[in-house]
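Structure file protein08.pdb (PDB, C-alpha atoms) follows.
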```
ATOM      1  CA  MET A   1     -41.057  -6.517 -68.386  1.00  0.00           C
ATOM      2  CA  ASP A   2     -39.034  -7.285 -65.257  1.00  0.00           C
ATOM      3  CA  SER A   3     -38.522 -10.928 -64.540  1.00  0.00           C
ATOM      4  CA  GLY A   4     -36.172 -10.591 -61.479  1.00  0.00           C
ATOM      5  CA  PRO A   5     -36.952 -11.119 -57.804  1.00  0.00           C
ATOM      6  CA  ALA A   6     -38.537  -7.662 -57.483  1.00  0.00           C
ATOM      7  CA  ALA A   7     -41.144  -8.541 -60.163  1.00  0.00           C
ATOM      8  CA  SER A   8     -42.206 -11.732 -58.335  1.00  0.00           C
ATOM      9  CA  ARG A   9     -43.041  -9.908 -55.058  1.00  0.00           C
ATOM     10  CA  ARG A  10     -46.740  -9.344 -54.445  1.00  0.00           C
ATOM     11  CA  PRO A  11     -48.088  -6.120 -52.882  1.00  0.00           C
ATOM     12  CA  GLY A  12     -47.971  -6.245 -49.070  1.00  0.00           C
ATOM     13  CA  MET A  13     -45.601  -9.178 -49.096  1.00  0.00           C
ATOM     14  CA  THR A  14     -42.684  -8.994 -46.586  1.00  0.00           C
ATOM     15  CA  ILE A  15     -39.419 -10.757 -47.181  1.00  0.00           C
ATOM     16  CA  ASN A  16     -37.678 -11.910 -43.997  1.00  0.00           C
ATOM     17  CA  PRO A  17     -33.912 -11.624 -43.985  1.00  0.00           C
ATOM     18  CA  LYS A  18     -31.902 -14.792 -43.954  1.00  0.00           C
ATOM     19  CA  PRO A  19     -31.574 -15.923 -40.306  1.00  0.00           C
ATOM     20  CA  LEU A  20     -28.151 -15.524 -38.726  1.00  0.00           C
ATOM     21  CA  PRO A  21     -26.264 -18.584 -37.557  1.00  0.00           C
ATOM     22  CA  LEU A  22     -26.797 -19.385 -33.890  1.00  0.00           C
ATOM     23  CA  ASN A  23     -23.315 -18.295 -32.786  1.00  0.00           C
ATOM     24  CA  ALA A  24     -23.603 -15.051 -34.784  1.00  0.00           C
ATOM     25  CA  ARG A  25     -26.989 -14.283 -33.230  1.00  0.00           C
ATOM     26  CA  HIS A  26     -25.551 -14.927 -29.756  1.00  0.00           C
ATOM     27  CA  SER A  27     -22.663 -12.518 -30.283  1.00  0.00           C
ATOM     28  CA  TYR A  28     -24.990  -9.926 -31.784  1.00  0.00           C
ATOM     29  CA  VAL A  29     -27.513 -10.072 -28.954  1.00  0.00           C
ATOM     30  CA  ALA A  30     -25.205 -10.565 -26.005  1.00  0.00           C
ATOM     31  CA  GLY A  31     -22.045  -8.887 -27.275  1.00  0.00           C
ATOM     32  CA  ASP A  32     -22.861  -5.249 -26.598  1.00  0.00           C
ATOM     33  CA  PRO A  33     -24.193  -5.620 -23.025  1.00  0.00           C
ATOM     34  CA  TRP A  34     -21.336  -7.919 -22.017  1.00  0.00           C
ATOM     35  CA  GLU A  35     -18.768  -5.621 -23.540  1.00  0.00           C
ATOM     36  CA  GLY A  36     -20.062  -2.671 -21.504  1.00  0.00           C
ATOM     37  CA  PHE A  37     -20.238  -4.746 -18.336  1.00  0.00           C
ATOM     38  CA  LEU A  38     -16.684  -6.042 -18.739  1.00  0.00           C
ATOM     39  CA  ARG A  39     -15.344  -2.563 -19.411  1.00  0.00           C
ATOM     40  CA  GLN A  40     -16.951  -1.244 -16.232  1.00  0.00           C
ATOM     41  CA  PHE A  41     -15.809  -4.255 -14.223  1.00  0.00           C
ATOM     42  CA  PHE A  42     -12.169  -3.972 -15.266  1.00  0.00           C
ATOM     43  CA  ALA A  43     -12.207  -0.194 -14.805  1.00  0.00           C
ATOM     44  CA  LEU A  44     -13.475  -0.601 -11.232  1.00  0.00           C
ATOM     45  CA  LEU A  45     -10.996  -3.409 -10.562  1.00  0.00           C
ATOM     46  CA  PHE A  46      -8.094  -1.319 -11.832  1.00  0.00           C
ATOM     47  CA  ALA A  47      -9.178   1.680  -9.750  1.00  0.00           C
ATOM     48  CA  ALA A  48      -9.426  -0.495  -6.628  1.00  0.00           C
ATOM     49  CA  LEU A  49      -5.983  -2.019  -7.180  1.00  0.00           C
ATOM     50  CA  VAL A  50      -4.427   1.394  -7.741  1.00  0.00           C
ATOM     51  CA  ALA A  51      -6.043   2.713  -4.574  1.00  0.00           C
ATOM     52  CA  LEU A  52      -4.807  -0.259  -2.550  1.00  0.00           C
ATOM     53  CA  SER A  53      -1.310  -0.167  -3.971  1.00  0.00           C
ATOM     54  CA  ALA A  54      -0.776   3.562  -3.629  1.00  0.00           C
ATOM     55  CA  VAL A  55      -0.561   3.473   0.157  1.00  0.00           C
ATOM     56  CA  PRO A  56       0.900   6.797   1.276  1.00  0.00           C
ATOM     57  CA  SER A  57       2.800   7.480   4.474  1.00  0.00           C
ATOM     58  CA  PHE A  58      -0.268   7.603   6.717  1.00  0.00           C
ATOM     59  CA  ALA A  59       0.767  10.419   9.040  1.00  0.00           C
ATOM     60  CA  ALA A  60       4.489  10.972   8.721  1.00  0.00           C
ATOM     61  CA  GLU A  61       6.028  12.545   5.685  1.00  0.00           C
ATOM     62  CA  GLN A  62       8.088  10.477   3.262  1.00  0.00           C
ATOM     63  CA  PRO A  63      11.112   9.058   5.092  1.00  0.00           C
ATOM     64  CA  ASP A  64      14.601  10.478   4.699  1.00  0.00           C
ATOM     65  CA  LEU A  65      16.996   8.045   3.045  1.00  0.00           C
ATOM     66  CA  ILE A  66      20.136   7.854   5.169  1.00  0.00           C
ATOM     67  CA  PHE A  67      22.131   5.315   3.115  1.00  0.00           C
ATOM     68  CA  ARG A  68      21.943   2.079   1.122  1.00  0.00           C
ATOM     69  CA  ARG A  69      24.304  -0.884   1.013  1.00  0.00           C
ATOM     70  CA  SER A  70      24.291  -3.623  -1.641  1.00  0.00           C
ATOM     71  CA  THR A  71      23.889  -7.203  -0.438  1.00  0.00           C
ATOM     72  CA  VAL A  72      23.491  -9.203  -3.686  1.00  0.00           C
ATOM     73  CA  PHE A  73      25.162  -8.253  -6.963  1.00  0.00           C
ATOM     74  CA  LYS A  74      23.011  -8.376 -10.114  1.00  0.00           C
ATOM     75  CA  TRP A  75      24.211  -8.249 -13.709  1.00  0.00           C
ATOM     76  CA  LEU A  76      22.722  -5.354 -15.737  1.00  0.00           C
ATOM     77  CA  THR A  77      19.986  -4.634 -13.189  1.00  0.00           C
ATOM     78  CA  PRO A  78      20.039  -3.002  -9.724  1.00  0.00           C
ATOM     79  CA  ASN A  79      21.514  -4.946  -6.825  1.00  0.00           C
ATOM     80  CA  ASP A  80      19.567  -6.169  -3.820  1.00  0.00           C
ATOM     81  CA  LYS A  81      20.133  -3.632  -1.053  1.00  0.00           C
ATOM     82  CA  LEU A  82      19.546  -2.728   2.555  1.00  0.00           C
ATOM     83  CA  ALA A  83      18.216   0.806   2.923  1.00  0.00           C
ATOM     84  CA  THR A  84      18.143   2.823   6.149  1.00  0.00           C
ATOM     85  CA  TYR A  85      15.567   5.591   6.533  1.00  0.00           C
ATOM     86  CA  GLY A  86      14.744   8.172   9.185  1.00  0.00           C
ATOM     87  CA  ILE A  87      11.359   9.608  10.164  1.00  0.00           C
ATOM     88  CA  ASP A  88      10.023  11.952  12.830  1.00  0.00           C
ATOM     89  CA  ASP A  89       6.900  11.027  14.746  1.00  0.00           C
ATOM     90  CA  PRO A  90       4.322  13.402  13.223  1.00  0.00           C
ATOM     91  CA  GLU A  91       2.248  13.611  16.425  1.00  0.00           C
ATOM     92  CA  VAL A  92       5.006  13.578  19.066  1.00  0.00           C
ATOM     93  CA  ASP A  93       7.747  16.191  18.903  1.00  0.00           C
ATOM     94  CA  GLY A  94      11.137  15.003  20.098  1.00  0.00           C
ATOM     95  CA  VAL A  95      11.006  11.408  18.828  1.00  0.00           C
ATOM     96  CA  ALA A  96      12.834  10.124  15.756  1.00  0.00           C
ATOM     97  CA  CYS A  97      12.877   6.588  14.368  1.00  0.00           C
ATOM     98  CA  HIS A  98      15.198   4.810  11.967  1.00  0.00           C
ATOM     99  CA  PHE A  99      14.341   1.616  10.156  1.00  0.00           C
ATOM    100  CA  THR A 100      16.305  -0.618   7.803  1.00  0.00           C
ATOM    101  CA  ALA A 101      14.441  -2.560   5.119  1.00  0.00           C
ATOM    102  CA  PRO A 102      15.569  -4.913   2.328  1.00  0.00           C
ATOM    103  CA  GLU A 103      14.994  -3.640  -1.207  1.00  0.00           C
ATOM    104  CA  ARG A 104      14.985  -6.158  -4.034  1.00  0.00           C
ATOM    105  CA  GLY A 105      16.901  -5.440  -7.202  1.00  0.00           C
ATOM    106  CA  GLY A 106      16.777  -7.350 -10.450  1.00  0.00           C
ATOM    107  CA  LEU A 107      14.253  -6.659 -13.190  1.00  0.00           C
ATOM    108  CA  LYS A 108      11.216  -6.768 -10.890  1.00  0.00           C
ATOM    109  CA  GLY A 109      12.802  -4.379  -8.438  1.00  0.00           C
ATOM    110  CA  TRP A 110      13.869  -2.113 -11.275  1.00  0.00           C
ATOM    111  CA  ILE A 111      10.329  -1.711 -12.634  1.00  0.00           C
ATOM    112  CA  GLY A 112       8.757  -1.593  -9.172  1.00  0.00           C
ATOM    113  CA  VAL A 113       6.762  -4.850  -9.052  1.00  0.00           C
ATOM    114  CA  ALA A 114       8.938  -6.926  -6.680  1.00  0.00           C
ATOM    115  CA  GLU A 115       7.439  -8.039  -3.385  1.00  0.00           C
ATOM    116  CA  GLU A 116       9.775  -7.104  -0.553  1.00  0.00           C
ATOM    117  CA  VAL A 117      10.467  -9.400   2.382  1.00  0.00           C
ATOM    118  CA  SER A 118       9.259  -8.522   5.875  1.00  0.00           C
ATOM    119  CA  ASP A 119      12.651  -8.366   7.651  1.00  0.00           C
ATOM    120  CA  ILE A 120      12.611  -4.769   8.902  1.00  0.00           C
ATOM    121  CA  SER A 121      14.527  -3.476  11.917  1.00  0.00           C
ATOM    122  CA  LEU A 122      13.498  -0.415  13.942  1.00  0.00           C
ATOM    123  CA  SER A 123      15.154   1.912  16.436  1.00  0.00           C
ATOM    124  CA  CYS A 124      13.536   5.010  17.971  1.00  0.00           C
ATOM    125  CA  ALA A 125      14.996   7.571  20.384  1.00  0.00           C
ATOM    126  CA  GLN A 126      14.252  10.831  22.127  1.00  0.00           C
ATOM    127  CA  VAL A 127      16.019  13.648  20.277  1.00  0.00           C
ATOM    128  CA  GLY A 128      14.500  16.649  22.053  1.00  0.00           C
ATOM    129  CA  PRO A 129      11.862  17.675  24.566  1.00  0.00           C
ATOM    130  CA  ILE A 130       8.821  15.438  24.056  1.00  0.00           C
ATOM    131  CA  ARG A 131       5.619  17.321  23.365  1.00  0.00           C
ATOM    132  CA  PHE A 132       2.373  15.653  22.310  1.00  0.00           C
ATOM    133  CA  LYS A 133       0.306  17.365  19.624  1.00  0.00           C
ATOM    134  CA  ALA A 134      -2.909  15.359  19.894  1.00  0.00           C
ATOM    135  CA  LYS A 135      -4.427  12.395  21.697  1.00  0.00           C
ATOM    136  CA  PHE A 136      -3.742   8.999  20.130  1.00  0.00           C
ATOM    137  CA  ALA A 137      -5.022   5.444  20.319  1.00  0.00           C
ATOM    138  CA  GLN A 138      -2.875   2.549  21.469  1.00  0.00           C
ATOM    139  CA  GLY A 139      -1.317   1.007  18.349  1.00  0.00           C
ATOM    140  CA  GLU A 140      -1.999   4.065  16.206  1.00  0.00           C
ATOM    141  CA  ASP A 141      -0.290   4.300  12.813  1.00  0.00           C
ATOM    142  CA  VAL A 142       2.762   6.544  12.620  1.00  0.00           C
ATOM    143  CA  PHE A 143       3.999   5.591   9.152  1.00  0.00           C
ATOM    144  CA  ARG A 144       3.096   3.311   6.236  1.00  0.00           C
ATOM    145  CA  LYS A 145       5.101   2.272   3.210  1.00  0.00           C
ATOM    146  CA  ARG A 146       4.171   0.035   0.282  1.00  0.00           C
ATOM    147  CA  ARG A 147       6.168  -3.226   0.131  1.00  0.00           C
ATOM    148  CA  SER A 148       4.709  -4.713  -3.062  1.00  0.00           C
ATOM    149  CA  LEU A 149       2.835  -3.514  -6.119  1.00  0.00           C
ATOM    150  CA  PHE A 150      -0.445  -4.595  -4.545  1.00  0.00           C
ATOM    151  CA  PHE A 151      -1.708  -5.294  -1.030  1.00  0.00           C
ATOM    152  CA  LYS A 152       1.474  -5.621   1.067  1.00  0.00           C
ATOM    153  CA  LYS A 153       2.649  -2.731   3.226  1.00  0.00           C
ATOM    154  CA  MET A 154       4.849  -2.065   6.253  1.00  0.00           C
ATOM    155  CA  GLN A 155       3.556  -0.084   9.191  1.00  0.00           C
ATOM    156  CA  ILE A 156       5.090   1.637  12.193  1.00  0.00           C
ATOM    157  CA  VAL A 157       2.657   1.991  15.076  1.00  0.00           C
ATOM    158  CA  ARG A 158       2.886   3.716  18.455  1.00  0.00           C
ATOM    159  CA  GLY A 159       1.682   2.889  21.943  1.00  0.00           C
ATOM    160  CA  CYS A 160       2.166   4.060  25.518  1.00  0.00           C
ATOM    161  CA  ASP A 161       3.471   1.914  28.372  1.00  0.00           C
ATOM    162  CA  VAL A 162       1.433   3.671  31.045  1.00  0.00           C
ATOM    163  CA  LYS A 163       3.170   2.065  34.017  1.00  0.00           C
ATOM    164  CA  ARG A 164       6.675   3.123  32.890  1.00  0.00           C
ATOM    165  CA  ASN A 165       5.838   6.307  30.951  1.00  0.00           C
ATOM    166  CA  VAL A 166       7.528   4.891  27.862  1.00  0.00           C
ATOM    167  CA  LEU A 167       6.547   5.300  24.218  1.00  0.00           C
ATOM    168  CA  VAL A 168       6.658   1.973  22.382  1.00  0.00           C
ATOM    169  CA  TYR A 169       7.042   1.715  18.606  1.00  0.00           C
ATOM    170  CA  MET A 170       6.593  -1.439  16.533  1.00  0.00           C
ATOM    171  CA  VAL A 171       7.169  -2.144  12.836  1.00  0.00           C
ATOM    172  CA  TYR A 172       5.525  -5.010  10.949  1.00  0.00           C
ATOM    173  CA  SER A 173       4.159  -5.810   7.506  1.00  0.00           C
ATOM    174  CA  ASP A 174       0.720  -7.019   6.537  1.00  0.00           C
ATOM    175  CA  ARG A 175      -1.495  -7.985   3.630  1.00  0.00           C
ATOM    176  CA  ILE A 176      -5.237  -7.916   3.101  1.00  0.00           C
ATOM    177  CA  ILE A 177      -5.460 -11.691   3.567  1.00  0.00           C
ATOM    178  CA  GLU A 178      -2.354 -12.755   5.483  1.00  0.00           C
ATOM    179  CA  GLY A 179       0.456 -10.730   7.003  1.00  0.00           C
ATOM    180  CA  SER A 180       3.788 -11.707   8.523  1.00  0.00           C
ATOM    181  CA  PRO A 181       4.575 -12.315  12.221  1.00  0.00           C
ATOM    182  CA  LYS A 182       8.022 -10.749  11.760  1.00  0.00           C
ATOM    183  CA  ASN A 183       8.333  -7.496  13.684  1.00  0.00           C
ATOM    184  CA  SER A 184      10.699  -5.199  15.536  1.00  0.00           C
ATOM    185  CA  THR A 185       9.996  -3.103  18.651  1.00  0.00           C
ATOM    186  CA  SER A 186      11.726  -0.024  20.072  1.00  0.00           C
ATOM    187  CA  SER A 187      11.119   1.781  23.380  1.00  0.00           C
ATOM    188  CA  VAL A 188      11.540   5.502  24.075  1.00  0.00           C
ATOM    189  CA  PRO A 189      11.554   6.387  27.793  1.00  0.00           C
ATOM    190  CA  ILE A 190      10.269   9.954  28.239  1.00  0.00           C
ATOM    191  CA  MET A 191      13.149  11.733  29.947  1.00  0.00           C
ATOM    192  CA  PRO A 192      13.669  15.327  31.136  1.00  0.00           C
ATOM    193  CA  TRP A 193      15.064  17.668  28.492  1.00  0.00           C
ATOM    194  CA  GLY A 194      16.168  21.141  29.479  1.00  0.00           C
ATOM    195  CA  SER A 195      13.643  23.028  31.584  1.00  0.00           C
ATOM    196  CA  ASP A 196      10.565  21.355  30.022  1.00  0.00           C
ATOM    197  CA  PRO A 197       8.451  19.293  32.444  1.00  0.00           C
ATOM    198  CA  ILE A 198       8.305  15.564  31.790  1.00  0.00           C
ATOM    199  CA  ALA A 199       5.275  14.737  29.656  1.00  0.00           C
ATOM    200  CA  LYS A 200       3.032  11.833  30.666  1.00  0.00           C
ATOM    201  CA  CYS A 201       1.948   9.722  27.710  1.00  0.00           C
ATOM    202  CA  VAL A 202      -1.008   8.385  29.714  1.00  0.00           C
ATOM    203  CA  ASP A 203      -2.542  11.870  29.593  1.00  0.00           C
ATOM    204  CA  TRP A 204      -2.641  11.689  25.788  1.00  0.00           C
ATOM    205  CA  ILE A 205      -4.238   8.291  25.263  1.00  0.00           C
ATOM    206  CA  GLU A 206      -7.726   8.320  23.791  1.00  0.00           C
ATOM    207  CA  LYS A 207     -10.198   6.913  26.288  1.00  0.00           C
TER
END
```
Translate this structure into structure tokens?
Amino acid sequence: MDSGPAASRRPGMTINPKPLPLNARHSYVAGDPWEGFLRQFFALLFAALVALSAVPSFAAEQPDLIFRRSTVFKWLTPNDKLATYGIDDPEVDGVACHFTAPERGGLKGWIGVAEEVSDISLSCAQVGPIRFKAKFAQGEDVFRKRRSLFFKKMQIVRGCDVKRNVLVYMVYSDRIIEGSPKNSTSSVPIMPWGSDPIAKCVDWIEK
């Protein structure tokens, strides 16, 4: 005859399991929902940061590197440099711009997480007959380039000095929260070139 725990149970009798400790019950009840929520949250956060950091050249193609010069020597890692690039205005034939920007070296610069300073110089010039491809807004983006892993970028924008028939280009850097007042401006008077008539930038401004 059985004398163990099974023999002492009566028909219809239910044995409740031993209650879990309070902290164990909390992790059991709240663990799964919180784990799913946190996974979704961090996935969305990562996607947003990647989207913000991967700022492409807005209209112009990637700039042409003209040359680099070292400014600060670094042991075992890349030097700090000044890099000069060239771009063509993607919406205005006959205009080319060159800009020089600092590029940090060291370990952070090597792996691509350094935040670059905002000291960027700009020079634009007429290099052929100027022909407009489409209407544009005053201060429209011509080129963008990422200046830090997240949030910071440099921009080249274009405007028209209607009174003088001059294209005006400006470079500056900004962030989502706070940008920099440092900037550089370059003017391109629209001059005759060959037999082409002189274009009027005022005719191409969006009203």
Give, as lines of an AutoDock Vina configuration file, the centre coordinates and the x, y and z edge lengths in Å to one decimal for an axis-aligned box around all listed atoms of range 100-103 of chain A, padded by 4 Å on each side.
```
center_x = 15.4
center_y = -2.8
center_z = 3.3
size_x = 9.9
size_y = 12.3
size_z = 17.0
```
Query raised in the report: Expanded to explicit residues, what is the PyMOL selection byres ((chain A and resi 97) around 10) for this file, as a ChimeraX atom specification?
Result: /A:63,85-89,95-96,98-99,122-127,156,169,186,188
**Report entry** Residue list as a PyMOL selection string for point (12.0, -5.6, 10.0), cut-off 10 Å, only C-alpha atoms
**Finding:** chain A and resi 99-102+117-122+154+170-173+182-185
Query raised in the report: What is the distance, in Å and to one decimal place, between CA of Ile190 in chain A and CA of Trp204 in chain A?
Result: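 Between these atoms lies a distance of 13.3 Å.
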Query raised in the report: For the file shown, what are the residues hit by the PyMOL selection byres ((chain A and resi 135) around 7), laid out as a list in words?
Result: Ala134, Phe136, Trp204, Ile205 and Glu206 of chain A
Expansion of the PyMOL selection byres ((chain A and resi 129) around 6) into residues, as a PDB file with C-alpha atoms, in the coordinates of the input:
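As written to disk, result39.pdb reads:
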```
ATOM      1  CA  GLY A  94      11.137  15.003  20.098  1.00  0.00           C
ATOM      2  CA  GLY A 128      14.500  16.649  22.053  1.00  0.00           C
ATOM      3  CA  ILE A 130       8.821  15.438  24.056  1.00  0.00           C
ATOM      4  CA  TRP A 193      15.064  17.668  28.492  1.00  0.00           C
TER       5      TRP A 193
END
```
**Report entry** Å distance separating CA of Ile66 in chain A from CA of Gln138 in chain A, one decimal place
**Finding:**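 So the answer is 28.7 Å.
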Query raised in the report: Which is closest to Asp64 in chain A among A:Asp196, A:Thr84, A:Asp141, A:Asp93, if we use only C-alpha atoms?
Result: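 Residue with the minimum atom-to-atom distance to Asp64 in chain A: A:Thr84.
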Query raised in the report: What does the distance from CA of Asp203 in chain A to CA of Val162 in chain A come to in Å, to one decimal?
Result: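 Distance between the two atoms: 9.2 Å.
Counting all atoms listed in the file and comparing A:Lys207, A:Gln155, A:Arg68, A:Ile198, the residue that lies closest to Asp174 in chain A is A:Gln155.
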Query raised in the report: Which residue gives the smallest distance to Val202 in chain A among A:Ala137, A:Pro181, A:Pro90, A:Ser187, with all atoms listed in the file counted?
Result: A:Ala137
How about completing range 184-199 of chain A with N, CA, C and O atoms and giving it to me as a compact mmCIF listing (two decimals), in the coordinates of the input?
```
# COMPACT_ATOMS: atom_id res chain seq x y z
N SER A 184 9.62 -5.76 14.74
CA SER A 184 10.70 -5.20 15.54
C SER A 184 10.09 -4.12 16.42
O SER A 184 9.20 -3.38 15.98
N THR A 185 10.56 -4.04 17.68
CA THR A 185 10.00 -3.10 18.65
C THR A 185 11.10 -2.23 19.23
O THR A 185 12.22 -2.69 19.45
N SER A 186 10.77 -0.96 19.48
CA SER A 186 11.73 -0.02 20.07
C SER A 186 11.01 0.81 21.12
O SER A 186 9.87 1.23 20.92
N SER A 187 11.69 1.02 22.26
CA SER A 187 11.12 1.78 23.38
C SER A 187 11.81 3.13 23.53
O SER A 187 13.03 3.23 23.37
N VAL A 188 11.01 4.15 23.86
CA VAL A 188 11.54 5.50 24.08
C VAL A 188 11.08 5.99 25.45
O VAL A 188 9.96 6.50 25.59
N PRO A 189 11.91 5.82 26.49
CA PRO A 189 11.55 6.39 27.79
C PRO A 189 11.47 7.91 27.69
O PRO A 189 12.33 8.55 27.08
N ILE A 190 10.43 8.50 28.28
CA ILE A 190 10.27 9.95 28.24
C ILE A 190 11.10 10.55 29.37
O ILE A 190 10.78 10.40 30.55
N MET A 191 12.18 11.21 28.99
CA MET A 191 13.15 11.73 29.95
C MET A 191 13.10 13.26 30.00
O MET A 191 12.63 13.91 29.05
N PRO A 192 13.61 13.86 31.09
CA PRO A 192 13.67 15.33 31.14
C PRO A 192 14.60 15.87 30.06
O PRO A 192 15.59 15.23 29.68
N TRP A 193 14.24 17.05 29.54
CA TRP A 193 15.06 17.67 28.49
C TRP A 193 15.02 19.18 28.72
O TRP A 193 14.00 19.81 28.48
N GLY A 194 16.14 19.72 29.18
CA GLY A 194 16.17 21.14 29.48
C GLY A 194 15.23 21.47 30.64
O GLY A 194 15.10 20.72 31.61
N SER A 195 14.53 22.59 30.51
CA SER A 195 13.64 23.03 31.58
C SER A 195 12.21 22.57 31.38
O SER A 195 11.34 22.88 32.20
N ASP A 196 11.93 21.81 30.29
CA ASP A 196 10.56 21.36 30.02
C ASP A 196 10.16 20.29 31.04
O ASP A 196 10.97 19.40 31.37
N PRO A 197 8.92 20.35 31.55
CA PRO A 197 8.45 19.29 32.44
C PRO A 197 8.31 17.97 31.68
O PRO A 197 8.15 17.95 30.46
N ILE A 198 8.42 16.88 32.42
CA ILE A 198 8.30 15.56 31.79
C ILE A 198 6.85 15.31 31.41
O ILE A 198 5.96 15.35 32.27
N ALA A 199 6.63 15.04 30.12
CA ALA A 199 5.28 14.74 29.66
C ALA A 199 4.87 13.34 30.10
O ALA A 199 5.71 12.44 30.26
```
